[in-house]
Amino acid sequence: MTSEEIKEVKNIGSWFRLKNLIGLKNNGRSFLYDLLKSQEDTVFKLYMGEETTYASDYVSAKYLYEEEYVFREPFIGKYFNTNMLGGRKPSMFCNGEDHATKKADTMKVLEYRMEKISLKDLNDVIESEMKAIDVTKGKGNNFEACLENVAKCVADSLILGKSLHNRDDWKDWFDSSLKMFNFHPWNFGEAADRDRCLNAMKQTPTVQNLDKILPETTQTMEGETFELMHNVHFNCTPVLSWLMISCIARFTDSLTEDERQSLRDEASLLFREETDSTFEERLSKSEKIDTFILEIIRLNTPHLAGTYGRARKDFVMESKTGRYQIHKDDLLCTFVYAIHRDEEVFEDPFKLKMTRDRKIIENQNVCFGSPLVMEPTVNNHKCPADRVMINVLKMFLAHFTRCDVNITSDVTCSYTSSERLACTDEPLVVEKFVYKE
């Protein structure tokens, strides 16, 4: 077979859909990765809820980020409970003009907020919330709730202009936002969960100034508020909290003591205010912390699979293992776990390595709905706040290096859970957490 020959995509796994679903449920990302490694093609089909073609290397994945080849498949959006947004479909599940209109407004709100708040301001929020963590009287058994509160307050401050301190209300909303079946009867408790969060959002500076921020929008103000709710409650808070958990776990189990100390030393320079440089300048020069966070995002991306798309037309998908025929209306998905562990790109790809070239990590990263090096636009589905989130994680890690912590749970991650997107097999439990300046 020559390199010019076009292959049909092979269907691997079982012909029996239920067996594949059970495999995914019981073994998570490891199930897909083991199937990938059982054969030679990096582009393969698997019959799950629907026959899906997986793109498992960076070359093939690029097609899912180009509007020419795919449109955003609402497949995964079928499991989002739009009751929690008053029936509104959020932009991440939309296509065409509907998506462009909603995302344009989201980007305008973010631009407005970034003019109002600095990274130093967000750093102060992180410091304040981490100092407030209390694990006495058994509260350390639910330490992840403390981290969710930190993430929620940062997301609130960034997008809404104030911390709402309503982690429990957010958690009720988030738990109701995902449904297991397409048929989802209305639950009257959901209305109360939604309305508590909505009413809290209406008291924030951003929402109260939406008519000034978006004077030409064609959306209703309530619709814009629901979109912000989705951005804060679904896109930002949970992802930040999962990555914070992963930061703590990998700081604990994947570094040498010398590497941990080097991060502490760099963090101390970041917080040294008597220097001539600004906080933002010092943060940008925190190269060791930057490498650690990029490695966390590479290894511990909170995706079970990746980005879904539906083929707009017949086309040939190039990949590292050949050229594959894609047919119009094929369901496509990136397999981020494998892309970030490409053995031809990363030496010891399953290990967190502080010596990696940061540019290589960035160039191969597809965590935030598109390649990290791609600029967000109103037409693509790239997260417009990805760089801010990376800086938030850098600041969080810097503050964590100041903490005296005794973790009593096992922080190992086998990547076999289909439900847990924070990368530890067990919930994080501590019996001691003290912030030390």
# chains A, B, ... in the order shown; residues from 1 in each chain; ligands from 1
>>> residues_around(residues="region 360-369 of chain A", least_positions_apart="5", cutoff="7 Å", atoms="only C-alpha atoms", output="list in words")
Tyr58, Leu294, Ile297, Arg298, Thr301, Thr307, Val336, His340, His381, Lys382, Cys383 and Asp386 of chain A
>>> closest_residue(among="A:Met229, A:Leu421, A:Val59, A:Val430", to="Ala305 (chain A)", atoms="only C-alpha atoms")
A:Leu421
>>> residues_around(residues="Asp253 (chain A)", least_positions_apart="6", cutoff="12 Å", atoms="only C-alpha atoms", output="list in words")
Ser246, Cys247, Glu259, Arg260, Lys351, Leu352, Ile407, Ser409, Asp410, Val411, Thr412, Cys413, Cys423 and Thr424 of chain A
>>> residues_around(residues="Arg310 (chain A)", least_positions_apart="3", cutoff="8 Å", atoms="only C-alpha atoms", output="ChimeraX atom specification")
/A:70-73,328-332
>>> write_last_selection(atoms="N, CA and C atoms", output="mmCIF file, in the first residue's frame")
data_model
loop_
_atom_site.group_PDB
_atom_site.id
_atom_site.type_symbol
_atom_site.label_atom_id
_atom_site.label_comp_id
_atom_site.auth_asym_id
_atom_site.auth_seq_id
_atom_site.Cartn_x
_atom_site.Cartn_y
_atom_site.Cartn_z
ATOM 1 N N VAL A 70 -16.126 20.079 9.093
ATOM 2 C CA VAL A 70 -17.090 19.585 10.078
ATOM 3 C C VAL A 70 -17.927 20.735 10.623
ATOM 4 N N PHE A 71 -19.079 20.378 11.162
ATOM 5 C CA PHE A 71 -19.816 21.313 11.997
ATOM 6 C C PHE A 71 -19.935 20.684 13.369
ATOM 7 N N ARG A 72 -20.142 21.529 14.385
ATOM 8 C CA ARG A 72 -20.202 21.033 15.756
ATOM 9 C C ARG A 72 -21.402 20.108 15.903
ATOM 10 N N GLU A 73 -21.113 18.894 16.258
ATOM 11 C CA GLU A 73 -22.152 17.886 16.396
ATOM 12 C C GLU A 73 -22.900 18.085 17.712
ATOM 13 N N LYS A 328 -19.649 12.052 4.167
ATOM 14 C CA LYS A 328 -20.571 13.066 4.666
ATOM 15 C C LYS A 328 -21.474 12.473 5.746
ATOM 16 N N ASP A 329 -21.643 13.227 6.831
ATOM 17 C CA ASP A 329 -22.484 12.879 7.978
ATOM 18 C C ASP A 329 -21.841 11.865 8.915
ATOM 19 N N ASP A 330 -20.584 11.458 8.662
ATOM 20 C CA ASP A 330 -19.887 10.620 9.641
ATOM 21 C C ASP A 330 -19.738 11.399 10.943
ATOM 22 N N LEU A 331 -19.943 10.697 12.068
ATOM 23 C CA LEU A 331 -19.692 11.294 13.380
ATOM 24 C C LEU A 331 -18.208 11.141 13.694
ATOM 25 N N LEU A 332 -17.550 12.253 14.007
ATOM 26 C CA LEU A 332 -16.110 12.265 14.259
ATOM 27 C C LEU A 332 -15.832 12.749 15.679
#
>>> closest_residue(among="A:Glu222, A:Asp168, A:Glu144, A:Glu190", to="Val429 (chain A)", atoms="only C-alpha atoms")
A:Glu144
>>> select_by_dssp(residues="region 69-317 of chain A", states="strand (DSSP E)", output="ChimeraX atom specification")
/A:70-72,308-311,315-317
>>> closest_residue(among="A:Phe335, A:Phe292, A:Phe234, A:Trp242", to="Asp357 (chain A)", atoms="only C-alpha atoms")
A:Phe292
>>> residues_around(residues="Asp156 (chain A)", least_positions_apart="3", cutoff="12 Å", atoms="only C-alpha atoms", output="JSON, numbers by chain")
{"A": [110, 113, 117, 122, 125, 126, 148, 149, 150, 151, 152, 153, 159, 160, 161, 162, 163, 164, 165, 166, 167, 170, 197, 200, 201, 203, 204, 205, 206, 207, 228, 229, 230, 231, 232, 233, 236, 237]}
>>> write_last_selection(atoms="C-alpha atoms", output="compact mmCIF listing (two decimals), in the first residue's frame")
# COMPACT_ATOMS: atom_id res chain seq x y z
CA LEU A 110 -14.69 38.69 28.36
CA ARG A 113 -14.01 42.10 32.01
CA ILE A 117 -9.78 43.03 36.30
CA LEU A 122 -7.44 37.25 40.32
CA VAL A 125 -9.00 36.16 44.98
CA ILE A 126 -7.12 32.86 44.87
CA GLU A 148 -14.58 23.91 43.86
CA ASN A 149 -15.23 27.02 45.93
CA VAL A 150 -11.85 28.47 44.95
CA ALA A 151 -12.55 27.74 41.27
CA LYS A 152 -16.08 29.16 41.51
CA CYS A 153 -14.93 32.39 43.14
CA ILE A 159 -16.64 36.95 34.32
CA LEU A 160 -19.27 38.40 36.65
CA GLY A 161 -17.27 41.01 38.58
CA LYS A 162 -17.76 39.61 42.09
CA SER A 163 -17.49 36.35 44.00
CA LEU A 164 -20.93 34.94 44.77
CA HIS A 165 -19.78 32.33 47.32
CA ASN A 166 -22.65 30.06 46.30
CA ARG A 167 -20.75 26.84 45.68
CA TRP A 170 -23.70 25.91 41.73
CA CYS A 197 -28.29 30.75 40.44
CA ALA A 200 -27.60 35.57 42.15
CA MET A 201 -26.14 36.33 38.72
CA GLN A 203 -26.94 40.94 41.22
CA THR A 204 -23.47 41.00 39.64
CA PRO A 205 -21.81 44.02 37.97
CA THR A 206 -21.48 42.30 34.61
CA VAL A 207 -25.12 41.31 34.30
CA LEU A 228 -23.01 33.66 31.13
CA MET A 229 -24.40 31.13 33.59
CA HIS A 230 -23.36 28.34 31.27
CA ASN A 231 -19.89 29.84 30.80
CA VAL A 232 -19.31 30.21 34.54
CA HIS A 233 -21.13 27.13 35.84
CA CYS A 236 -15.20 27.28 33.70
CA THR A 237 -15.81 26.27 37.32
>>> residues_around(residues="Leu46 (chain A)", least_positions_apart="5", cutoff="6 Å", atoms="only C-alpha atoms", output="ChimeraX atom specification")
/A:11-12,51-52
>>> residues_around(residues="Glu127 (chain A)", least_positions_apart="2", cutoff="9 Å", atoms="only C-alpha atoms", output="PyMOL selection string")
chain A and resi 122-125+129-132+395-396+399+435
>>> write_last_selection(atoms="N, CA and C atoms", output="PDB file, in the first residue's frame")
ATOM      1  N   LEU A 122      -7.061  38.663  40.241  1.00  0.00           N
ATOM      2  CA  LEU A 122      -7.444  37.254  40.320  1.00  0.00           C
ATOM      3  C   LEU A 122      -6.540  36.507  41.292  1.00  0.00           C
ATOM      4  N   ASN A 123      -5.271  36.878  41.318  1.00  0.00           N
ATOM      5  CA  ASN A 123      -4.344  36.274  42.272  1.00  0.00           C
ATOM      6  C   ASN A 123      -4.791  36.545  43.707  1.00  0.00           C
ATOM      7  N   ASP A 124      -5.261  37.757  43.954  1.00  0.00           N
ATOM      8  CA  ASP A 124      -5.731  38.107  45.298  1.00  0.00           C
ATOM      9  C   ASP A 124      -6.957  37.279  45.684  1.00  0.00           C
ATOM     10  N   VAL A 125      -7.831  37.013  44.712  1.00  0.00           N
ATOM     11  CA  VAL A 125      -8.998  36.163  44.978  1.00  0.00           C
ATOM     12  C   VAL A 125      -8.544  34.756  45.354  1.00  0.00           C
ATOM     13  N   GLU A 129      -9.227  32.993  49.028  1.00  0.00           N
ATOM     14  CA  GLU A 129     -10.043  31.782  49.152  1.00  0.00           C
ATOM     15  C   GLU A 129      -9.225  30.603  49.671  1.00  0.00           C
ATOM     16  N   MET A 130      -7.941  30.526  49.313  1.00  0.00           N
ATOM     17  CA  MET A 130      -7.118  29.429  49.822  1.00  0.00           C
ATOM     18  C   MET A 130      -6.809  29.618  51.303  1.00  0.00           C
ATOM     19  N   LYS A 131      -6.639  30.850  51.727  1.00  0.00           N
ATOM     20  CA  LYS A 131      -6.435  31.114  53.154  1.00  0.00           C
ATOM     21  C   LYS A 131      -7.681  30.771  53.969  1.00  0.00           C
ATOM     22  N   ALA A 132      -8.836  30.847  53.336  1.00  0.00           N
ATOM     23  CA  ALA A 132     -10.101  30.594  54.041  1.00  0.00           C
ATOM     24  C   ALA A 132     -10.454  29.110  54.125  1.00  0.00           C
ATOM     25  N   MET A 395      -1.173  30.558  39.016  1.00  0.00           N
ATOM     26  CA  MET A 395      -1.264  31.257  40.302  1.00  0.00           C
ATOM     27  C   MET A 395      -1.708  30.309  41.406  1.00  0.00           C
ATOM     28  N   PHE A 396      -2.656  29.431  41.086  1.00  0.00           N
ATOM     29  CA  PHE A 396      -3.101  28.451  42.078  1.00  0.00           C
ATOM     30  C   PHE A 396      -1.937  27.572  42.522  1.00  0.00           C
ATOM     31  N   HIS A 399       0.440  29.407  44.842  1.00  0.00           N
ATOM     32  CA  HIS A 399      -0.078  29.500  46.210  1.00  0.00           C
ATOM     33  C   HIS A 399      -0.047  28.142  46.906  1.00  0.00           C
ATOM     34  N   TYR A 435      -2.304  27.393  55.069  1.00  0.00           N
ATOM     35  CA  TYR A 435      -1.644  28.329  54.149  1.00  0.00           C
ATOM     36  C   TYR A 435      -0.592  29.102  54.931  1.00  0.00           C
TER      37      TYR A 435
END
>>> atom_distance(atom1="CA of Ala55 (chain A)", atom2="CA of Thr42 (chain A)")
6.5 Å
>>> atom_distance(atom1="CA of Ser268 (chain A)", atom2="CA of Asp404 (chain A)")
15.1 Å
>>> decode(residues="region 51-119 of chain A", atoms="C-alpha atoms", output="short mmCIF file (atom, residue, chain, number, x, y, z; two decimals), in the first residue's frame")
data_model
loop_
_atom_site.label_atom_id
_atom_site.label_comp_id
_atom_site.auth_asym_id
_atom_site.auth_seq_id
_atom_site.Cartn_x
_atom_site.Cartn_y
_atom_site.Cartn_z
CA GLU A 51 -20.67 4.61 15.03
CA THR A 52 -17.90 7.13 15.68
CA THR A 53 -14.61 7.79 13.88
CA TYR A 54 -11.83 8.73 16.31
CA ALA A 55 -8.89 10.93 15.26
CA SER A 56 -6.05 9.95 17.58
CA ASP A 57 -3.08 11.96 16.35
CA TYR A 58 -2.53 15.69 15.93
CA VAL A 59 -2.51 15.51 12.12
CA SER A 60 -5.95 13.91 11.85
CA ALA A 61 -7.42 15.91 14.74
CA LYS A 62 -6.95 19.20 12.88
CA TYR A 63 -9.91 18.42 10.62
CA LEU A 64 -12.29 18.64 13.56
CA TYR A 65 -11.32 22.25 14.15
CA GLU A 66 -11.94 23.44 10.60
CA GLU A 67 -15.42 24.64 9.63
CA GLU A 68 -14.70 23.56 6.06
CA TYR A 69 -14.80 19.89 7.06
CA VAL A 70 -17.09 19.58 10.08
CA PHE A 71 -19.82 21.31 12.00
CA ARG A 72 -20.20 21.03 15.76
CA GLU A 73 -22.15 17.89 16.40
CA PRO A 74 -24.99 18.41 18.89
CA PHE A 75 -24.61 14.72 19.85
CA ILE A 76 -23.01 15.47 23.20
CA GLY A 77 -25.36 18.41 23.71
CA LYS A 78 -28.29 15.99 23.74
CA TYR A 79 -27.20 15.12 27.25
CA PHE A 80 -27.19 18.71 28.47
CA ASN A 81 -30.35 19.60 30.33
CA THR A 82 -31.42 22.89 28.75
CA ASN A 83 -34.06 23.24 31.47
CA MET A 84 -31.18 24.62 33.56
CA LEU A 85 -30.82 27.50 31.06
CA GLY A 86 -34.49 28.22 30.61
CA GLY A 87 -34.58 26.13 27.43
CA ARG A 88 -31.66 27.99 25.81
CA LYS A 89 -29.06 26.05 23.81
CA PRO A 90 -25.62 27.42 24.75
CA SER A 91 -23.17 28.49 22.06
CA MET A 92 -20.86 25.49 22.49
CA PHE A 93 -23.61 23.24 21.10
CA CYS A 94 -24.61 25.60 18.27
CA ASN A 95 -23.49 26.09 14.68
CA GLY A 96 -23.51 28.78 12.03
CA GLU A 97 -25.00 32.20 12.70
CA ASP A 98 -26.54 31.14 16.01
CA HIS A 99 -23.13 30.09 17.34
CA ALA A 100 -21.35 33.13 15.91
CA THR A 101 -23.84 35.55 17.47
CA LYS A 102 -23.68 33.97 20.91
CA LYS A 103 -19.91 33.56 20.92
CA ALA A 104 -19.33 37.11 19.69
CA ASP A 105 -21.24 38.39 22.71
CA THR A 106 -19.30 36.06 25.03
CA MET A 107 -16.01 37.38 23.66
CA LYS A 108 -17.17 40.99 24.10
CA VAL A 109 -18.07 40.31 27.73
CA LEU A 110 -14.69 38.69 28.36
CA GLU A 111 -12.88 41.59 26.69
CA TYR A 112 -14.84 44.03 28.86
CA ARG A 113 -14.01 42.10 32.01
CA MET A 114 -10.30 41.83 31.17
CA GLU A 115 -10.23 45.63 31.04
CA LYS A 116 -11.76 45.75 34.52
CA ILE A 117 -9.78 43.03 36.30
CA SER A 118 -6.07 42.23 36.30
CA LEU A 119 -4.24 38.97 36.85
#
